[in-house]
Amino acid sequence: MVSLKPAQRVLRLAASGTMEARGKANELKQAGAGIIDLSAGEPDFDTPARVKWAGRRAIAQNFTRYTEAGGIPELKEAIIAKYRREYGVSFGKEEILVTAGAKGALFSLALAIFDEGDEVLLPAPYWVTYPELIKLAGAKPLILPTREEDGFQLKADTVKERLTPKAKAIIINSPCNPTGALIEPKELASIIKLARAGGFYVICDESYEKIVYEKSPSSAARFEEENLVIVNSLSKSYAMTGWRVGFTLGPAELIKTLTVIQSHSITNPCSISQRAALEALGGAQGIVSRMVAEYRRRRDFAVEALNKIQGVRCHLPKGTFYAFPNVSKLFNGDSAALAEYLLRKAQVAVVPGPAFGYEGYIRISFATSMESLREGLRRIEQALR
Ligand SMILES: Cc1ncc(COP(=O)(O)O)c(C=O)c1O
């Protein structure tokens with residue numbers, strides 16, 4: 001019998017903790033259980049009607065062939081117009097790559113930047129995919145813990161303390177999945193300066209750019225630095241997760257390399273989705289603020305309800321549609337055991353903290369109807385009473 005072995009690099013990979021939680025919930029759902037799923041990482045809203053129409057129109061017009069590898073010029077123009085309008089920054093087309101979602105953008109970036117033995121600084125709690133992406137490219141994640149007392153905000157001093165000459169990049173996710181934290185512009189400016197001196201990239205994942213509550217959206221694009229790379233996505237802001245459109249903004253030389261990588265992997269982002277994305281970015285933006293207003297209503301409700309549960313303490317997330325309550329007083333701080341208990345006893349799915357590199361917390365998504373959220377939190381409270 002032949003022995004067929006996978007590549008060494010895949011042996012380093014861990015399954016996604018969020019997908020696992022979702023899988024368990026779906027299994028129970030299929031078995032007939034009345035599960036309330038608070039583990040979802042995607043908007044519960046439908047893609048806006050005019051965006052869907054743009055997709056239909058693209059099909060009717062036979063816009064169904066290969067496109068430019070780096071994205072259609074009209075969409076790049078719309079991205080340029082967005083950053084000029086919202087942040088007063090001018091990008092050239094050669095500084096933009098349209099991708100298959102933020103994941104597509106990050107995957108090409110990892111291949112283009114990370115070498116075997118490099119270190120990639122990663123603030124924790126982090127989004128589940130970052131460490132796996134870093135390891136897949138042969139590099140090593142260097143974890144930078146943030147603290148609940150600081151609202152999980154990354155400080156430049158933490159970066160300075162942990163920095164080694166092997167650092168190739170830092171990944172900053174603001175607003176952050178799972179904590180909802182936003183990086184302070186002052187801290188970001190200092191980190192960019194440190195990175196410039198140390199000769200490493202600052203990769204800013206701004207996938208949740210529009211989903212913020214206290215301040216208006218902001219972007220690292222304002223800094224206009226050569227070592228800065230911005231990743232963004234239409235998945236969350238426009239409820240377009242299935243369409244798979246995102247983009248990378250960065251120095252022209254790097255974008256050229258990323259375009260070559262993309263041309264040899266996915267060829268180009270889906271032609272139909274690119275037309276839909278053009279409509280999303282170019283059209284009226286009222287729909288985004290309506291979704292954010294509803295997320296805010298749910299956030300306020302969820303955080304208040306969580307803080308009323310004994311043994312639970314929840315800070316107020318400043319962005320995203322996640323709450324990240326501290327549950328370290330329950331189940332001896334074993335959040336996986338707590339999540340398992342909530343799934344079996346309360347039939348509510350949540351994601352345990354270790355999926356995000358942080359024990360003693362769980363992630364609760366409020367990208368679900370107010371009715372489900374209310375019922376889910378009622379059941380959690382009852383199960384923990
Ligand atoms: C922080 C963060 N970045 C990127 C992504 C991936 O988004 P996309 O659908 O654009 O690939 C997600 C999705 O959950 C996310 O939470």
# chains A, B, ... in the order shown; residues from 1 in each chain; ligands from 1
$ select_by_dssp --residues "segment 75-303 of chain A" --states "helix (DSSP H, G or I)" --output "number ranges by chain"
A: 75-87, 93-95, 101-113, 129-136, 148-150, 156-162, 185-198, 220-223, 241-243, 252-265, 271-282, 286-303
$ residues_around --residues "Arg65 of chain A" --least-positions-apart "5" --cutoff "12 Å" --atoms "only C-alpha atoms" --output "ChimeraX atom specification"
/A:58-59,72,267-274
$ atom_distance --atom1 "atom CA of Ile191 of chain A" --atom2 "atom CA of Phe91 of chain A"
22.0 Å
$ residues_near_ligand --ligand "ligand 1" --cutoff "9 Å" --atoms "only C-alpha atoms and all ligand atoms" --output "number ranges by chain"
A: 40-42, 99-106, 126-130, 173-178, 205-208, 231-236, 240-247, 320
$ select_by_dssp --residues "segment 248-360 of chain A" --states "strand (DSSP E or B)" --output "MDAnalysis selection string"
chainID A and resid 248:249 313 319 322:323 326 348:349 351:352
$ closest_residue --among "A:Leu142, A:Val351, A:Leu258, A:Ala302" --to "Gly70 of chain A" --atoms "only C-alpha atoms"
A:Leu258
$ residues_around --residues "Ala33 of chain A" --least-positions-apart "5" --cutoff "10 Å" --atoms "only C-alpha atoms" --output "VMD selection string"
chain A and resid 25 to 28 344 347
$ closest_atom_pairs --of "segment 23-79 of chain A" --to "segment 287-290 of chain A" --cutoff "12 Å" --atoms "only C-alpha atoms" --output "CSV"
residue,atom,partner,partner_atom,distance
A:Pro43,CA,A:Val288,CA,11.5
A:Phe45,CA,A:Ile287,CA,10.5
A:Asp46,CA,A:Ile287,CA,10.9
A:Thr47,CA,A:Ile287,CA,9.9
A:Pro48,CA,A:Ile287,CA,7.3
A:Ala49,CA,A:Ile287,CA,10.1
A:Arg50,CA,A:Ile287,CA,10.5
A:Val51,CA,A:Ile287,CA,10.9
$ write_last_selection --atoms "all heavy atoms" --output "PDB file, in the first residue's frame"
ATOM      1  N   PRO A  43     -22.942  39.279   8.637  1.00  0.00           N
ATOM      2  CA  PRO A  43     -24.169  40.045   8.841  1.00  0.00           C
ATOM      3  C   PRO A  43     -25.401  39.182   8.588  1.00  0.00           C
ATOM      4  O   PRO A  43     -25.383  38.309   7.716  1.00  0.00           O
ATOM      5  CB  PRO A  43     -24.078  41.149   7.786  1.00  0.00           C
ATOM      6  CG  PRO A  43     -22.645  41.242   7.426  1.00  0.00           C
ATOM      7  CD  PRO A  43     -22.077  39.881   7.606  1.00  0.00           C
ATOM      8  N   PHE A  45     -28.110  40.657   7.657  1.00  0.00           N
ATOM      9  CA  PHE A  45     -28.864  41.430   6.658  1.00  0.00           C
ATOM     10  C   PHE A  45     -28.658  40.838   5.268  1.00  0.00           C
ATOM     11  O   PHE A  45     -27.642  40.190   5.010  1.00  0.00           O
ATOM     12  CB  PHE A  45     -28.378  42.884   6.637  1.00  0.00           C
ATOM     13  CG  PHE A  45     -28.656  43.609   7.918  1.00  0.00           C
ATOM     14  CD1 PHE A  45     -27.631  43.853   8.824  1.00  0.00           C
ATOM     15  CD2 PHE A  45     -29.940  44.024   8.230  1.00  0.00           C
ATOM     16  CE1 PHE A  45     -27.880  44.507  10.017  1.00  0.00           C
ATOM     17  CE2 PHE A  45     -30.199  44.682   9.429  1.00  0.00           C
ATOM     18  CZ  PHE A  45     -29.167  44.922  10.315  1.00  0.00           C
ATOM     19  N   ASP A  46     -29.619  41.100   4.392  1.00  0.00           N
ATOM     20  CA  ASP A  46     -29.442  40.695   2.989  1.00  0.00           C
ATOM     21  C   ASP A  46     -28.567  41.726   2.286  1.00  0.00           C
ATOM     22  O   ASP A  46     -28.545  42.900   2.673  1.00  0.00           O
ATOM     23  CB  ASP A  46     -30.811  40.648   2.283  1.00  0.00           C
ATOM     24  CG  ASP A  46     -31.688  39.540   2.831  1.00  0.00           C
ATOM     25  OD1 ASP A  46     -31.135  38.515   3.273  1.00  0.00           O
ATOM     26  OD2 ASP A  46     -32.924  39.711   2.831  1.00  0.00           O
ATOM     27  N   THR A  47     -27.913  41.290   1.226  1.00  0.00           N
ATOM     28  CA  THR A  47     -27.174  42.237   0.379  1.00  0.00           C
ATOM     29  C   THR A  47     -28.182  43.273  -0.133  1.00  0.00           C
ATOM     30  O   THR A  47     -29.290  42.901  -0.552  1.00  0.00           O
ATOM     31  CB  THR A  47     -26.556  41.477  -0.821  1.00  0.00           C
ATOM     32  OG1 THR A  47     -25.685  40.475  -0.320  1.00  0.00           O
ATOM     33  CG2 THR A  47     -25.804  42.415  -1.747  1.00  0.00           C
ATOM     34  N   PRO A  48     -27.836  44.587  -0.097  1.00  0.00           N
ATOM     35  CA  PRO A  48     -28.788  45.613  -0.558  1.00  0.00           C
ATOM     36  C   PRO A  48     -29.317  45.322  -1.980  1.00  0.00           C
ATOM     37  O   PRO A  48     -28.574  44.856  -2.843  1.00  0.00           O
ATOM     38  CB  PRO A  48     -27.951  46.893  -0.540  1.00  0.00           C
ATOM     39  CG  PRO A  48     -26.856  46.616   0.448  1.00  0.00           C
ATOM     40  CD  PRO A  48     -26.595  45.151   0.397  1.00  0.00           C
ATOM     41  N   ALA A  49     -30.620  45.648  -2.173  1.00  0.00           N
ATOM     42  CA  ALA A  49     -31.302  45.295  -3.425  1.00  0.00           C
ATOM     43  C   ALA A  49     -30.579  45.827  -4.666  1.00  0.00           C
ATOM     44  O   ALA A  49     -30.394  45.108  -5.645  1.00  0.00           O
ATOM     45  CB  ALA A  49     -32.728  45.819  -3.379  1.00  0.00           C
ATOM     46  N   ARG A  50     -30.121  47.091  -4.608  1.00  0.00           N
ATOM     47  CA  ARG A  50     -29.520  47.648  -5.829  1.00  0.00           C
ATOM     48  C   ARG A  50     -28.182  46.970  -6.147  1.00  0.00           C
ATOM     49  O   ARG A  50     -27.768  46.908  -7.300  1.00  0.00           O
ATOM     50  CB  ARG A  50     -29.380  49.170  -5.733  1.00  0.00           C
ATOM     51  CG  ARG A  50     -28.546  49.644  -4.575  1.00  0.00           C
ATOM     52  CD  ARG A  50     -28.395  51.142  -4.543  1.00  0.00           C
ATOM     53  NE  ARG A  50     -27.673  51.534  -3.355  1.00  0.00           N
ATOM     54  CZ  ARG A  50     -26.369  51.419  -3.200  1.00  0.00           C
ATOM     55  NH1 ARG A  50     -25.634  50.945  -4.175  1.00  0.00           N
ATOM     56  NH2 ARG A  50     -25.788  51.775  -2.069  1.00  0.00           N
ATOM     57  N   VAL A  51     -27.529  46.441  -5.123  1.00  0.00           N
ATOM     58  CA  VAL A  51     -26.271  45.721  -5.344  1.00  0.00           C
ATOM     59  C   VAL A  51     -26.577  44.379  -6.021  1.00  0.00           C
ATOM     60  O   VAL A  51     -25.904  43.967  -6.973  1.00  0.00           O
ATOM     61  CB  VAL A  51     -25.521  45.527  -4.001  1.00  0.00           C
ATOM     62  CG1 VAL A  51     -24.282  44.672  -4.175  1.00  0.00           C
ATOM     63  CG2 VAL A  51     -25.179  46.880  -3.388  1.00  0.00           C
TER      64      VAL A  51
END
$ atom_distance --atom1 "atom CA of Leu281 of chain A" --atom2 "atom CA of Ile80 of chain A"
10.3 Å
$ closest_residue --among "A:Arg385, A:Lys168, A:Arg147, A:Lys193" --to "Tyr358 of chain A" --atoms "only C-alpha atoms"
A:Arg147
$ residues_around --residues "Glu225 of chain A" --least-positions-apart "4" --cutoff "12 Å" --atoms "only C-alpha atoms" --output "PDB file with N, CA and C atoms, in the first residue's frame"
ATOM      1  N   VAL A  89      -7.450  61.116   0.907  1.00  0.00           N
ATOM      2  CA  VAL A  89      -6.184  60.506   0.470  1.00  0.00           C
ATOM      3  C   VAL A  89      -6.303  60.077  -0.999  1.00  0.00           C
ATOM      4  N   PHE A  91      -5.087  57.660  -3.937  1.00  0.00           N
ATOM      5  CA  PHE A  91      -4.355  56.469  -4.371  1.00  0.00           C
ATOM      6  C   PHE A  91      -4.335  56.435  -5.890  1.00  0.00           C
ATOM      7  N   LEU A 188      -1.116  54.071  16.648  1.00  0.00           N
ATOM      8  CA  LEU A 188      -0.860  53.574  15.297  1.00  0.00           C
ATOM      9  C   LEU A 188       0.297  54.345  14.657  1.00  0.00           C
ATOM     10  N   ALA A 189       0.293  55.668  14.869  1.00  0.00           N
ATOM     11  CA  ALA A 189       1.366  56.496  14.307  1.00  0.00           C
ATOM     12  C   ALA A 189       2.714  56.040  14.861  1.00  0.00           C
ATOM     13  N   ILE A 191       3.479  53.070  16.048  1.00  0.00           N
ATOM     14  CA  ILE A 191       3.802  51.724  15.538  1.00  0.00           C
ATOM     15  C   ILE A 191       4.336  51.825  14.105  1.00  0.00           C
ATOM     16  N   ILE A 192       3.714  52.672  13.311  1.00  0.00           N
ATOM     17  CA  ILE A 192       4.175  52.837  11.923  1.00  0.00           C
ATOM     18  C   ILE A 192       5.618  53.361  11.912  1.00  0.00           C
ATOM     19  N   LYS A 193       5.898  54.266  12.840  1.00  0.00           N
ATOM     20  CA  LYS A 193       7.250  54.833  12.948  1.00  0.00           C
ATOM     21  C   LYS A 193       8.257  53.740  13.347  1.00  0.00           C
ATOM     22  N   ALA A 195       7.932  50.620  12.825  1.00  0.00           N
ATOM     23  CA  ALA A 195       8.042  49.690  11.699  1.00  0.00           C
ATOM     24  C   ALA A 195       8.947  50.260  10.606  1.00  0.00           C
ATOM     25  N   ARG A 196       8.854  51.557  10.418  1.00  0.00           N
ATOM     26  CA  ARG A 196       9.698  52.186   9.396  1.00  0.00           C
ATOM     27  C   ARG A 196      11.168  52.039   9.802  1.00  0.00           C
ATOM     28  N   PHE A 200       9.923  46.871   8.697  1.00  0.00           N
ATOM     29  CA  PHE A 200       8.873  45.861   8.510  1.00  0.00           C
ATOM     30  C   PHE A 200       7.532  46.499   8.133  1.00  0.00           C
ATOM     31  N   TYR A 201       6.657  45.666   7.609  1.00  0.00           N
ATOM     32  CA  TYR A 201       5.355  46.139   7.127  1.00  0.00           C
ATOM     33  C   TYR A 201       4.327  46.277   8.253  1.00  0.00           C
ATOM     34  N   VAL A 202       3.425  47.231   8.085  1.00  0.00           N
ATOM     35  CA  VAL A 202       2.252  47.327   8.964  1.00  0.00           C
ATOM     36  C   VAL A 202       1.040  46.973   8.092  1.00  0.00           C
ATOM     37  N   ILE A 203       0.447  45.824   8.386  1.00  0.00           N
ATOM     38  CA  ILE A 203      -0.719  45.382   7.618  1.00  0.00           C
ATOM     39  C   ILE A 203      -1.959  45.704   8.451  1.00  0.00           C
ATOM     40  N   ALA A 220      -6.193  53.736   8.413  1.00  0.00           N
ATOM     41  CA  ALA A 220      -4.747  53.966   8.472  1.00  0.00           C
ATOM     42  C   ALA A 220      -4.255  54.593   7.166  1.00  0.00           C
ATOM     43  N   ALA A 221      -5.098  54.569   6.134  1.00  0.00           N
ATOM     44  CA  ALA A 221      -4.718  55.139   4.831  1.00  0.00           C
ATOM     45  C   ALA A 221      -4.267  56.587   4.990  1.00  0.00           C
ATOM     46  N   VAL A 229       0.223  48.680   4.512  1.00  0.00           N
ATOM     47  CA  VAL A 229      -0.636  47.943   3.580  1.00  0.00           C
ATOM     48  C   VAL A 229      -2.019  47.867   4.215  1.00  0.00           C
ATOM     49  N   ILE A 230      -3.035  48.223   3.440  1.00  0.00           N
ATOM     50  CA  ILE A 230      -4.397  48.192   3.982  1.00  0.00           C
ATOM     51  C   ILE A 230      -5.216  47.126   3.271  1.00  0.00           C
ATOM     52  N   LEU A 249      -4.605  47.915  -0.516  1.00  0.00           N
ATOM     53  CA  LEU A 249      -3.987  49.186  -0.909  1.00  0.00           C
ATOM     54  C   LEU A 249      -2.556  49.146  -0.398  1.00  0.00           C
ATOM     55  N   GLY A 250      -1.607  49.439  -1.249  1.00  0.00           N
ATOM     56  CA  GLY A 250      -0.216  49.391  -0.792  1.00  0.00           C
ATOM     57  C   GLY A 250       0.721  49.982  -1.824  1.00  0.00           C
ATOM     58  N   PRO A 251       2.021  49.940  -1.530  1.00  0.00           N
ATOM     59  CA  PRO A 251       2.989  50.488  -2.476  1.00  0.00           C
ATOM     60  C   PRO A 251       2.925  49.759  -3.831  1.00  0.00           C
TER      61      PRO A 251
END
$ closest_residue --among "A:Ser328, A:Asp37, A:Ile134, A:Phe107" --to "Ser265 of chain A" --atoms "only C-alpha atoms"
A:Phe107
